[in-house]
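Quick look at structure31.cif (mmCIF, C-alpha atoms):
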data_start
loop_
_atom_site.group_PDB
_atom_site.id
_atom_site.type_symbol
_atom_site.label_atom_id
_atom_site.label_comp_id
_atom_site.auth_asym_id
_atom_site.auth_seq_id
_atom_site.Cartn_x
_atom_site.Cartn_y
_atom_site.Cartn_z
ATOM 1 C CA LYS A 5 127.426 98.153 116.956
ATOM 2 C CA ASN A 6 129.054 99.564 120.068
ATOM 3 C CA MET A 7 132.786 99.646 119.367
ATOM 4 C CA MET A 8 134.094 100.323 122.890
ATOM 5 C CA TYR A 9 137.202 98.178 123.362
ATOM 6 C CA GLY A 10 139.855 99.843 125.575
ATOM 7 C CA ARG A 11 139.911 103.295 124.063
ATOM 8 C CA ASP A 12 137.079 104.393 121.823
ATOM 9 C CA VAL A 13 137.715 103.235 118.265
ATOM 10 C CA PHE A 14 137.165 106.748 116.943
ATOM 11 C CA THR A 15 139.931 108.005 119.219
ATOM 12 C CA VAL A 16 142.254 105.423 117.713
ATOM 13 C CA LEU A 17 141.334 106.468 114.205
ATOM 14 C CA ASN A 18 141.710 110.182 114.955
ATOM 15 C CA GLU A 19 145.049 109.870 116.769
ATOM 16 C CA THR A 20 146.727 107.281 114.568
ATOM 17 C CA ASP A 21 148.433 107.707 111.224
ATOM 18 C CA LEU A 22 146.880 104.688 109.560
ATOM 19 C CA ALA A 23 149.263 104.983 106.609
ATOM 20 C CA THR A 24 152.255 104.095 108.808
ATOM 21 C CA ALA A 25 150.749 102.354 111.863
ATOM 22 C CA GLN A 26 151.483 98.688 112.505
ATOM 23 C CA TYR A 27 148.404 96.526 113.012
ATOM 24 C CA ASP A 28 149.794 94.978 116.213
ATOM 25 C CA GLU A 29 150.141 98.469 117.751
ATOM 26 C CA ILE A 30 146.422 99.277 117.522
ATOM 27 C CA ASN A 31 144.844 95.821 117.410
ATOM 28 C CA ALA A 32 143.962 95.784 121.136
ATOM 29 C CA ASP A 33 141.982 99.029 120.788
ATOM 30 C CA LEU A 34 139.975 97.924 117.757
ATOM 31 C CA PRO A 35 136.795 95.826 117.717
ATOM 32 C CA PRO A 36 137.201 92.130 116.895
ATOM 33 C CA LEU A 37 137.033 91.167 113.222
ATOM 34 C CA GLU A 38 133.595 89.861 112.255
ATOM 35 C CA LEU A 39 134.835 87.178 109.880
ATOM 36 C CA PRO A 40 132.962 84.023 108.829
ATOM 37 C CA SER A 41 134.317 80.574 109.624
ATOM 38 C CA ILE A 42 133.564 79.189 106.162
ATOM 39 C CA VAL A 43 132.887 80.897 102.810
ATOM 40 C CA SER A 44 131.117 79.124 99.964
ATOM 41 C CA PHE A 45 130.168 80.224 96.448
ATOM 42 C CA PRO A 46 127.026 78.236 95.518
ATOM 43 C CA HIS A 47 126.216 77.743 91.838
ATOM 44 C CA THR A 48 122.854 75.984 92.110
ATOM 45 C CA ALA A 49 119.814 75.734 94.353
ATOM 46 C CA LYS A 50 120.976 72.283 95.460
ATOM 47 C CA ASP A 51 124.276 73.822 96.592
ATOM 48 C CA VAL A 52 122.379 76.284 98.774
ATOM 49 C CA VAL A 53 120.066 73.629 100.225
ATOM 50 C CA GLU A 54 122.993 71.381 101.166
ATOM 51 C CA LEU A 55 124.931 74.284 102.678
ATOM 52 C CA VAL A 56 121.984 75.366 104.836
ATOM 53 C CA LYS A 57 121.499 71.771 106.015
ATOM 54 C CA PHE A 58 125.219 71.542 106.802
ATOM 55 C CA ALA A 59 125.020 74.762 108.838
ATOM 56 C CA ASN A 60 122.031 73.434 110.784
ATOM 57 C CA LYS A 61 123.785 70.133 111.483
ATOM 58 C CA HIS A 62 126.890 71.862 112.831
ATOM 59 C CA GLU A 63 124.996 74.721 114.561
ATOM 60 C CA LEU A 64 126.582 77.403 112.408
ATOM 61 C CA PRO A 65 124.812 80.720 111.772
ATOM 62 C CA VAL A 66 124.312 81.468 108.076
ATOM 63 C CA SER A 67 125.116 84.821 106.472
ATOM 64 C CA VAL A 68 124.371 85.728 102.865
ATOM 65 C CA LYS A 69 126.315 88.143 100.676
ATOM 66 C CA ASN A 70 125.363 89.520 97.288
ATOM 67 C CA SER A 71 127.558 92.630 97.111
ATOM 68 C CA GLY A 72 128.286 93.248 100.796
ATOM 69 C CA HIS A 73 126.721 96.718 101.057
ATOM 70 C CA SER A 74 124.981 95.935 104.345
ATOM 71 C CA TYR A 75 125.030 98.870 106.783
ATOM 72 C CA SER A 76 124.472 96.553 109.752
ATOM 73 C CA GLY A 77 127.039 93.971 108.651
ATOM 74 C CA GLN A 78 124.476 91.210 108.117
ATOM 75 C CA SER A 79 126.374 90.006 105.056
ATOM 76 C CA SER A 80 129.489 89.115 107.104
ATOM 77 C CA VAL A 81 128.438 87.585 110.404
ATOM 78 C CA GLY A 82 131.285 86.444 112.644
ATOM 79 C CA ASN A 83 131.902 82.678 112.818
ATOM 80 C CA SER A 84 129.163 81.979 110.279
ATOM 81 C CA LEU A 85 128.858 79.943 107.116
ATOM 82 C CA LEU A 86 128.890 82.716 104.510
ATOM 83 C CA LEU A 87 127.092 82.102 101.211
ATOM 84 C CA ASN A 88 128.571 84.474 98.634
ATOM 85 C CA MET A 89 125.977 84.518 95.845
ATOM 86 C CA ARG A 90 128.095 86.161 93.145
ATOM 87 C CA SER A 91 128.621 82.840 91.337
ATOM 88 C CA TYR A 92 124.902 82.095 91.205
ATOM 89 C CA PRO A 93 123.222 82.076 87.742
ATOM 90 C CA GLU A 94 122.583 85.416 86.047
ATOM 91 C CA TYR A 95 118.976 84.701 85.145
ATOM 92 C CA SER A 96 118.144 88.147 83.761
ATOM 93 C CA LYS A 97 120.386 87.479 80.746
ATOM 94 C CA LYS A 98 117.961 84.900 79.312
ATOM 95 C CA ASN A 99 114.781 85.182 81.386
ATOM 96 C CA LEU A 100 112.882 88.224 80.162
ATOM 97 C CA PHE A 101 109.333 87.317 79.173
ATOM 98 C CA GLU A 102 106.659 89.299 77.347
ATOM 99 C CA CYS A 103 103.489 88.125 79.017
ATOM 100 C CA LYS A 104 101.460 87.970 75.815
ATOM 101 C CA ASP A 105 103.715 85.077 74.740
ATOM 102 C CA VAL A 106 103.793 83.189 78.061
ATOM 103 C CA SER A 107 101.890 79.876 78.238
ATOM 104 C CA GLU A 108 100.046 78.518 81.271
ATOM 105 C CA ASP A 109 102.739 75.902 81.948
ATOM 106 C CA SER A 110 105.611 78.398 81.819
ATOM 107 C CA HIS A 111 107.694 79.056 84.933
ATOM 108 C CA ALA A 112 106.768 82.738 84.466
ATOM 109 C CA ALA A 113 102.996 82.166 84.231
ATOM 110 C CA GLY A 114 102.177 83.184 87.806
ATOM 111 C CA ALA A 115 104.356 86.290 87.652
ATOM 112 C CA CYS A 116 102.831 87.307 84.326
ATOM 113 C CA LYS A 117 99.292 86.918 85.651
ATOM 114 C CA LEU A 118 100.014 89.447 88.390
ATOM 115 C CA ALA A 119 101.986 91.721 86.054
ATOM 116 C CA THR A 120 99.079 91.801 83.611
ATOM 117 C CA ALA A 121 96.693 92.742 86.431
ATOM 118 C CA ARG A 122 99.052 95.634 87.174
ATOM 119 C CA GLY A 123 99.016 96.775 83.543
ATOM 120 C CA LYS A 124 102.588 95.606 82.843
ATOM 121 C CA GLY A 125 103.532 93.743 79.701
ATOM 122 C CA ALA A 126 106.716 91.932 80.691
ATOM 123 C CA VAL A 127 108.602 90.358 83.581
ATOM 124 C CA VAL A 128 112.225 89.452 84.259
ATOM 125 C CA ARG A 129 113.732 86.822 86.534
ATOM 126 C CA VAL A 130 116.734 88.053 88.531
ATOM 127 C CA GLY A 131 119.216 85.712 90.222
ATOM 128 C CA GLY A 132 120.154 86.023 93.872
ATOM 129 C CA GLY A 133 123.702 87.077 93.030
ATOM 130 C CA GLU A 134 122.949 89.736 90.425
ATOM 131 C CA GLY A 135 123.724 93.414 90.842
ATOM 132 C CA ASN A 136 121.789 96.353 89.448
ATOM 133 C CA ASP A 137 124.298 96.653 86.611
ATOM 134 C CA ASN A 138 123.541 93.084 85.488
ATOM 135 C CA LEU A 139 119.833 93.825 85.394
ATOM 136 C CA TYR A 140 120.108 97.152 83.541
ATOM 137 C CA ARG A 141 122.544 95.776 80.952
ATOM 138 C CA ASN A 142 120.596 92.587 80.283
ATOM 139 C CA VAL A 143 117.241 94.329 79.865
ATOM 140 C CA GLY A 144 118.930 96.947 77.669
ATOM 141 C CA SER A 145 120.505 94.195 75.572
ATOM 142 C CA TRP A 146 117.115 92.537 75.104
ATOM 143 C CA ASN A 147 115.605 95.867 74.054
ATOM 144 C CA TYR A 148 118.065 96.553 71.254
ATOM 145 C CA LYS A 149 119.539 93.283 69.982
ATOM 146 C CA LEU A 150 116.467 92.738 67.775
ATOM 147 C CA PRO A 151 113.737 95.032 66.408
ATOM 148 C CA ARG A 152 111.078 95.234 69.132
ATOM 149 C CA ASP A 153 107.511 96.503 69.099
ATOM 150 C CA GLN A 154 107.945 97.458 72.761
ATOM 151 C CA LYS A 155 110.995 98.111 74.923
ATOM 152 C CA TYR A 156 111.102 97.819 78.699
ATOM 153 C CA ASP A 157 112.656 99.478 81.707
ATOM 154 C CA PRO A 158 113.381 97.819 85.079
ATOM 155 C CA PHE A 159 113.153 99.591 88.406
ATOM 156 C CA ALA A 160 116.368 98.969 90.335
ATOM 157 C CA GLY A 161 118.973 100.767 92.411
ATOM 158 C CA ALA A 162 121.199 103.643 91.348
ATOM 159 C CA GLU A 163 124.554 101.924 92.001
ATOM 160 C CA GLY A 164 125.577 99.073 89.730
ATOM 161 C CA MET A 165 127.167 96.761 92.294
ATOM 162 C CA ILE A 166 124.256 96.884 94.769
ATOM 163 C CA GLY A 167 122.355 93.594 94.796
ATOM 164 C CA ALA A 168 119.226 93.811 92.650
ATOM 165 C CA GLY A 169 118.733 90.128 93.429
ATOM 166 C CA GLY A 170 119.647 90.378 97.096
ATOM 167 C CA GLY A 171 119.976 92.981 99.830
ATOM 168 C CA TRP A 172 118.682 95.939 97.804
ATOM 169 C CA LEU A 173 115.325 94.267 97.400
ATOM 170 C CA LEU A 174 115.303 92.678 100.850
ATOM 171 C CA GLY A 175 115.891 96.084 102.433
ATOM 172 C CA GLY A 176 113.012 97.759 100.575
ATOM 173 C CA GLY A 177 114.742 99.061 97.455
ATOM 174 C CA LEU A 178 115.090 102.753 96.626
ATOM 175 C CA GLY A 179 115.761 103.717 93.000
ATOM 176 C CA MET A 180 116.696 106.716 90.904
ATOM 177 C CA GLY A 181 113.608 108.843 91.332
ATOM 178 C CA GLN A 182 110.839 106.814 89.711
ATOM 179 C CA GLU A 183 109.344 105.850 93.079
ATOM 180 C CA ARG A 184 106.433 108.286 92.751
ATOM 181 C CA SER A 185 105.446 106.655 89.459
ATOM 182 C CA TRP A 186 106.321 102.997 90.042
ATOM 183 C CA GLY A 187 106.665 102.477 93.800
ATOM 184 C CA VAL A 188 109.808 101.228 95.574
ATOM 185 C CA GLY A 189 111.730 98.022 94.926
ATOM 186 C CA VAL A 190 109.454 95.694 96.894
ATOM 187 C CA ASP A 191 106.483 96.958 94.871
ATOM 188 C CA GLN A 192 108.048 95.490 91.717
ATOM 189 C CA VAL A 193 108.187 91.929 93.092
ATOM 190 C CA LEU A 194 105.835 89.341 91.592
ATOM 191 C CA GLU A 195 107.257 86.065 92.897
ATOM 192 C CA LEU A 196 110.119 84.912 95.147
ATOM 193 C CA GLU A 197 112.246 81.757 95.201
ATOM 194 C CA MET A 198 114.121 80.970 98.420
ATOM 195 C CA VAL A 199 115.759 78.377 100.575
ATOM 196 C CA LEU A 200 114.224 78.608 104.050
ATOM 197 C CA PRO A 201 116.220 78.197 107.291
ATOM 198 C CA ASP A 202 115.077 74.567 107.541
ATOM 199 C CA GLY A 203 116.565 73.813 104.104
ATOM 200 C CA ARG A 204 113.346 73.714 102.086
ATOM 201 C CA HIS A 205 113.449 75.127 98.576
ATOM 202 C CA VAL A 206 110.267 77.146 97.971
ATOM 203 C CA ARG A 207 108.673 79.601 95.583
ATOM 204 C CA PHE A 208 105.714 81.814 96.451
ATOM 205 C CA GLY A 209 103.779 84.904 95.491
ATOM 206 C CA PRO A 210 100.318 86.473 95.298
ATOM 207 C CA THR A 211 97.585 84.396 93.672
ATOM 208 C CA GLU A 212 94.625 86.659 94.417
ATOM 209 C CA TRP A 213 94.324 90.439 94.582
ATOM 210 C CA ALA A 214 91.769 93.233 94.456
ATOM 211 C CA GLU A 215 91.704 96.804 93.214
ATOM 212 C CA LYS A 216 91.736 99.392 95.972
ATOM 213 C CA GLU A 217 91.053 103.081 95.450
ATOM 214 C CA GLY A 218 94.057 105.313 95.968
ATOM 215 C CA PHE A 219 96.660 102.568 95.484
ATOM 216 C CA LEU A 220 99.077 102.267 92.594
ATOM 217 C CA TYR A 221 98.667 98.494 92.214
ATOM 218 C CA PRO A 222 96.013 95.903 93.143
ATOM 219 C CA GLN A 223 96.308 94.850 96.782
ATOM 220 C CA THR A 224 97.277 91.257 97.557
ATOM 221 C CA THR A 225 94.530 89.218 99.246
ATOM 222 C CA LYS A 226 96.100 85.735 99.072
ATOM 223 C CA VAL A 227 99.636 84.367 98.829
ATOM 224 C CA GLU A 228 100.427 80.751 97.982
ATOM 225 C CA GLY A 229 103.596 78.748 97.520
ATOM 226 C CA LEU A 230 105.119 75.435 96.492
ATOM 227 C CA CYS A 231 108.024 73.261 97.645
ATOM 228 C CA ASN A 232 110.579 71.614 95.401
ATOM 229 C CA ALA A 233 110.267 67.859 95.926
ATOM 230 C CA ASN A 234 113.310 67.064 93.792
ATOM 231 C CA VAL A 235 116.143 69.461 94.592
ATOM 232 C CA ASN A 236 118.637 68.915 91.804
ATOM 233 C CA HIS A 237 121.538 70.787 90.240
ATOM 234 C CA HIS A 238 119.531 70.843 86.999
ATOM 235 C CA GLU A 239 116.495 73.117 87.149
ATOM 236 C CA SER A 240 114.677 71.086 84.493
ATOM 237 C CA LEU A 241 114.374 68.241 87.019
ATOM 238 C CA TRP A 242 112.774 70.291 89.794
ATOM 239 C CA GLN A 243 109.308 69.153 90.896
ATOM 240 C CA TRP A 244 107.084 71.815 92.409
ATOM 241 C CA GLU A 245 104.267 70.566 94.613
ATOM 242 C CA SER A 246 102.321 71.449 97.749
ATOM 243 C CA CYS A 247 104.368 71.577 100.949
ATOM 244 C CA GLU A 248 103.664 69.038 103.687
ATOM 245 C CA ASP A 249 104.044 71.606 106.463
ATOM 246 C CA GLU A 250 103.237 74.869 104.739
ATOM 247 C CA PRO A 251 104.754 78.132 105.955
ATOM 248 C CA VAL A 252 102.397 81.036 106.505
ATOM 249 C CA TRP A 253 102.964 82.374 103.017
ATOM 250 C CA GLU A 254 101.310 85.739 103.641
ATOM 251 C CA ASP A 255 103.621 86.432 106.606
ATOM 252 C CA LEU A 256 106.704 85.334 104.680
ATOM 253 C CA TRP A 257 105.735 87.482 101.684
ATOM 254 C CA PHE A 258 105.296 90.494 103.952
ATOM 255 C CA ALA A 259 108.525 89.908 105.892
ATOM 256 C CA VAL A 260 110.935 89.181 103.056
ATOM 257 C CA ARG A 261 110.070 92.307 101.059
ATOM 258 C CA GLY A 262 111.837 94.841 103.259
ATOM 259 C CA GLY A 263 112.724 92.841 106.380
ATOM 260 C CA GLY A 264 116.467 92.819 105.720
ATOM 261 C CA GLY A 265 119.009 90.802 103.768
ATOM 262 C CA GLY A 266 119.522 87.159 104.731
ATOM 263 C CA THR A 267 116.995 87.392 107.558
ATOM 264 C CA PHE A 268 114.276 84.934 106.561
ATOM 265 C CA GLY A 269 116.160 82.671 104.162
ATOM 266 C CA VAL A 270 118.455 82.684 101.139
ATOM 267 C CA LEU A 271 116.931 84.473 98.161
ATOM 268 C CA LEU A 272 117.655 82.561 94.945
ATOM 269 C CA SER A 273 115.606 84.445 92.371
ATOM 270 C CA THR A 274 112.931 87.093 91.994
ATOM 271 C CA TYR A 275 110.434 87.884 89.274
ATOM 272 C CA TYR A 276 110.176 91.653 88.738
ATOM 273 C CA GLN A 277 107.616 93.510 86.688
ATOM 274 C CA LEU A 278 109.000 95.661 83.856
ATOM 275 C CA HIS A 279 107.726 99.054 82.759
ATOM 276 C CA ASP A 280 107.306 100.417 79.256
ATOM 277 C CA LEU A 281 110.476 102.282 78.301
ATOM 278 C CA GLU A 282 109.754 105.957 77.790
ATOM 279 C CA PRO A 283 112.362 108.575 76.859
ATOM 280 C CA TYR A 284 113.166 111.245 79.408
ATOM 281 C CA TYR A 285 115.249 114.399 79.266
ATOM 282 C CA THR A 286 117.579 116.164 81.663
ATOM 283 C CA ILE A 287 118.050 119.950 81.597
ATOM 284 C CA LYS A 288 121.190 121.384 83.178
ATOM 285 C CA LYS A 289 122.689 124.830 83.173
ATOM 286 C CA ASN A 290 126.014 125.429 81.443
ATOM 287 C CA SER A 291 128.176 126.466 84.393
ATOM 288 C CA THR A 292 131.102 127.456 82.141
ATOM 289 C CA ALA A 293 128.919 129.888 80.213
ATOM 290 C CA PHE A 294 127.537 131.326 83.453
ATOM 291 C CA ASP A 295 131.044 131.892 84.858
ATOM 292 C CA ALA A 296 132.023 133.673 81.642
ATOM 293 C CA LEU A 297 128.881 135.810 81.816
ATOM 294 C CA THR A 298 129.638 136.730 85.433
ATOM 295 C CA ALA A 299 133.206 137.724 84.540
ATOM 296 C CA ILE A 300 131.959 140.016 81.780
ATOM 297 C CA CYS A 301 129.377 141.515 84.125
ATOM 298 C CA GLU A 302 131.990 142.335 86.741
ATOM 299 C CA ASP A 303 133.889 144.387 84.150
ATOM 300 C CA THR A 304 130.850 146.568 83.481
ATOM 301 C CA GLU A 305 128.467 148.692 85.513
ATOM 302 C CA VAL A 306 125.571 146.228 85.089
ATOM 303 C CA ASP A 307 123.757 145.010 88.213
ATOM 304 C CA CYS A 308 125.361 141.564 88.497
ATOM 305 C CA GLY A 309 122.946 140.486 91.247
ATOM 306 C CA SER A 310 119.945 140.947 88.954
ATOM 307 C CA LEU A 311 121.778 139.125 86.176
ATOM 308 C CA GLU A 312 122.438 136.190 88.479
ATOM 309 C CA ASP A 313 118.776 136.033 89.542
ATOM 310 C CA SER A 314 117.716 136.051 85.886
ATOM 311 C CA GLU A 315 120.131 133.231 85.077
ATOM 312 C CA LYS A 316 118.804 131.074 87.912
ATOM 313 C CA SER A 317 115.200 131.418 86.755
ATOM 314 C CA MET A 318 115.960 131.214 83.028
ATOM 315 C CA TRP A 319 116.025 127.394 82.883
ATOM 316 C CA ALA A 320 112.687 127.160 84.685
ATOM 317 C CA ASP A 321 111.085 129.650 82.274
ATOM 318 C CA PHE A 322 112.471 127.658 79.358
ATOM 319 C CA LEU A 323 111.170 124.377 80.774
ATOM 320 C CA ILE A 324 107.687 125.808 81.317
ATOM 321 C CA ASP A 325 107.604 127.197 77.761
ATOM 322 C CA TYR A 326 108.885 123.881 76.393
ATOM 323 C CA LEU A 327 106.289 121.764 78.182
ATOM 324 C CA TRP A 328 103.297 124.076 77.841
#
For the file at hand, write its structure as structure tokens.
Amino acid sequence: KNMMYGRDVFTVLNETDLATAQYDEINADLPPLELPSIVSFPHTAKDVVELVKFANKHELPVSVKNSGHSYSGQSSVGNSLLLNMRSYPEYSKKNLFECKDVSEDSHAAGACKLATARGKGAVVRVGGGEGNDNLYRNVGSWNYKLPRDQKYDPFAGAEGMIGAGGGWLLGGGLGMGQERSWGVGVDQVLELEMVLPDGRHVRFGPTEWAEKEGFLYPQTTKVEGLCNANVNHHESLWQWESCEDEPVWEDLWFAVRGGGGGTFGVLLSTYYQLHDLEPYYTIKKNSTAFDALTAICEDTEVDCGSLEDSEKSMWADFLIDYLW
């Protein structure tokens, strides 16, 4: 945003000792505070539906916050009704499913069908208020609390507080380096559950797909969705059925996965595919040993430059010998 109010805000910051300055002295030269009018912490889908309807009735913009790491400030819109999702259920703690054990009437059946087509053996449901740390810890707990024939690894962000169930996904989702093997965050998504701007509670995802040469996963050819006809605080009472006035599911599926946090609705949960857990190794040089070696070299007549070049290439030679 353009922060030109009186003097440039950067001038204020550069010329002011913020440790001792009084707020009233610099307030006129700072941009206005982008604070919401109302903040709510929804616990259920019904909470979210009622809040969105309330905002529509009173012509309030809606902003959604998972962790608040939005570069553009979308998670704290001025004079909005802010939905802070951190109190929403932590689904990943109890909703990891191995697809070989999932029945046709399971809530995870659709997600597992797509995961199986992608060669993945398990899925996890992630709540709209969960951070990456929640997801990593809960999948790790599942892996090791009982003897398992197979363990799994989620693809999520590198910082624990970033919203695995919110803005991280909605902004595209970069991870910790596995993108070349697994794709980015939006490539992990199997199904989405949202409250739309008109207050409808929906779930949707691909129902048909086709293999395409050169692509990591089958390409979606059809997306379908359902509306909840009985929005209740208790999920067991939800009734999923065809929508009377259906959204264009394909467009919504395309837009939500990367179009920005809180832009097309309030994300309540996401089914992610899980990958087989495989061990990996990190090789680092011992900088203390290298410093000691350099100090010894400088006390002798040895060509220290050549020694340094050898040290830099040594780890690569070792890695090549180790792998091949």
Long-range neighbours of stretch 176-180 of chain A as a PyMOL selection string, 9 Å cut-off, all atoms listed in the file, 2 positions minimum in chain: chain A and resi 159-162+168+171-174+182-183+187-191+261-264
Residue among A:Lys50, A:Ile166, A:Phe268, A:Glu254 lying closest to A:Ala233, counting only C-alpha atoms: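 Comparing A:Lys50, A:Ile166, A:Phe268, A:Glu254 against A:Ala233, the winner is A:Lys50.
Of the listed residues A:Thr120, A:Val130, A:Arg207, A:Ser71, the one whose atoms come nearest to A:Glu163 is A:Ser71, with distances taken using all atoms listed in the file.
Counting all atoms listed in the file and comparing A:Val66, A:Cys103, A:Val193, A:Leu17, the residue that lies closest to A:Asn31 is A:Leu17.
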Length of the atom CA of A:Gly218 to atom CA of A:Lys117 vector [Å]: 21.7 Å
Two-atom distance - atom CA of A:Asp255, atom CA of A:Lys226 (Å): 10.7 Å
Residue contacts of stretch 277-284 of chain A (12 Å, all atoms listed in the file) excluding same-chain residues fewer than 3 positions away, as JSON, numbers by chain: {"A": [96, 100, 101, 102, 103, 112, 114, 115, 116, 117, 118, 119, 120, 121, 122, 123, 124, 125, 126, 127, 128, 129, 130, 139, 140, 143, 144, 147, 148, 152, 153, 154, 155, 156, 157, 158, 159, 160, 182, 185, 186, 187, 188, 189, 190, 191, 192, 193, 194, 195, 221, 274, 287]}
Point (126.6, 89.2, 94.3) neighbourhood (8 Å, only C-alpha atoms) written as a PyMOL selection string: chain A and resi 69-72+88-92+132-135+165+167+169-170
Could you tell me which residues the PyMOL selection byres ((chain A and resi 79-82) around 9) returns for this structure, as a JSON list (two decimals) with C-alpha atoms, in the coordinates of the input?
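Result went into expr_23.json, see below:
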[["chain", "number", "residue", "atom", "x", "y", "z"],
["A", 37, "LEU", "CA", 137.03, 91.17, 113.22],
["A", 38, "GLU", "CA", 133.60, 89.86, 112.26],
["A", 39, "LEU", "CA", 134.84, 87.18, 109.88],
["A", 40, "PRO", "CA", 132.96, 84.02, 108.83],
["A", 41, "SER", "CA", 134.32, 80.57, 109.62],
["A", 65, "PRO", "CA", 124.81, 80.72, 111.77],
["A", 66, "VAL", "CA", 124.31, 81.47, 108.08],
["A", 67, "SER", "CA", 125.12, 84.82, 106.47],
["A", 68, "VAL", "CA", 124.37, 85.73, 102.86],
["A", 69, "LYS", "CA", 126.32, 88.14, 100.68],
["A", 70, "ASN", "CA", 125.36, 89.52, 97.29],
["A", 71, "SER", "CA", 127.56, 92.63, 97.11],
["A", 72, "GLY", "CA", 128.29, 93.25, 100.80],
["A", 73, "HIS", "CA", 126.72, 96.72, 101.06],
["A", 74, "SER", "CA", 124.98, 95.94, 104.34],
["A", 76, "SER", "CA", 124.47, 96.55, 109.75],
["A", 77, "GLY", "CA", 127.04, 93.97, 108.65],
["A", 78, "GLN", "CA", 124.48, 91.21, 108.12],
["A", 83, "ASN", "CA", 131.90, 82.68, 112.82],
["A", 84, "SER", "CA", 129.16, 81.98, 110.28],
["A", 85, "LEU", "CA", 128.86, 79.94, 107.12],
["A", 86, "LEU", "CA", 128.89, 82.72, 104.51],
["A", 87, "LEU", "CA", 127.09, 82.10, 101.21],
["A", 88, "ASN", "CA", 128.57, 84.47, 98.63],
["A", 171, "GLY", "CA", 119.98, 92.98, 99.83],
["A", 265, "GLY", "CA", 119.01, 90.80, 103.77],
["A", 266, "GLY", "CA", 119.52, 87.16, 104.73]]
Separation of atom CA of A:Phe208 from atom CA of A:Asp137, in Å and rounded to one decimal: 25.7 Å
Residue nearest A:Ala259 - candidates A:Gly175, A:Asn99, A:Ser145, A:Thr304, atoms counted: all atoms listed in the file: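 Nearest to A:Ala259: A:Gly175.
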Near-A:Glu228 list (7 Å; all atoms listed in the file; drop same-chain fewer than 5 positions) as a PyMOL selection string: chain A and resi 208-211+253
Can you write just those residues out, C-alpha atoms, as a PDB file, keeping the file's coordinate frame?
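Final output, saved to result_1.pdb:
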ATOM      1  CA  PHE A 208     105.714  81.814  96.451  1.00  0.00           C
ATOM      2  CA  GLY A 209     103.779  84.904  95.491  1.00  0.00           C
ATOM      3  CA  PRO A 210     100.318  86.473  95.298  1.00  0.00           C
ATOM      4  CA  THR A 211      97.585  84.396  93.672  1.00  0.00           C
ATOM      5  CA  TRP A 253     102.964  82.374 103.017  1.00  0.00           C
TER       6      TRP A 253
END
A:Thr298, A:Ser273, A:Gln223, A:Ser314 ranked by distance to A:Ala49, top pick (using all atoms listed in the file): A:Ser273
Given the PyMOL selection byres ((chain A and resi 56) around 12), the residues it picks as a PyMOL selection string: chain A and resi 44+46+49-55+57-68+84-87+198-205+269-270
Return as lines of an AutoDock Vina configuration file the box centre and box size in Å, one decimal, for an axis-aligned box around all listed atoms of stretch 241-244 of chain A padded by 3 Å per side.
center_x = 110.7
center_y = 70.0
center_z = 89.7
size_x = 13.3
size_y = 9.6
size_z = 11.4
Expected selection from the PyMOL selection byres ((chain A and resi 213) around 6), given as a list of chain:residue names: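 Going through the file, the PyMOL selection byres ((chain A and resi 213) around 6) ends up selecting A:Glu212, A:Ala214, A:Pro222, A:Gln223, A:Thr224, A:Thr225.
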Resulting file, chosen residues, C-alpha atoms, as a PDB file, in the frame of the given file:
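Final file, result.pdb:
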ATOM      1  CA  GLU A 212      94.625  86.659  94.417  1.00  0.00           C
ATOM      2  CA  ALA A 214      91.769  93.233  94.456  1.00  0.00           C
ATOM      3  CA  PRO A 222      96.013  95.903  93.143  1.00  0.00           C
ATOM      4  CA  GLN A 223      96.308  94.850  96.782  1.00  0.00           C
ATOM      5  CA  THR A 224      97.277  91.257  97.557  1.00  0.00           C
ATOM      6  CA  THR A 225      94.530  89.218  99.246  1.00  0.00           C
TER       7      THR A 225
END
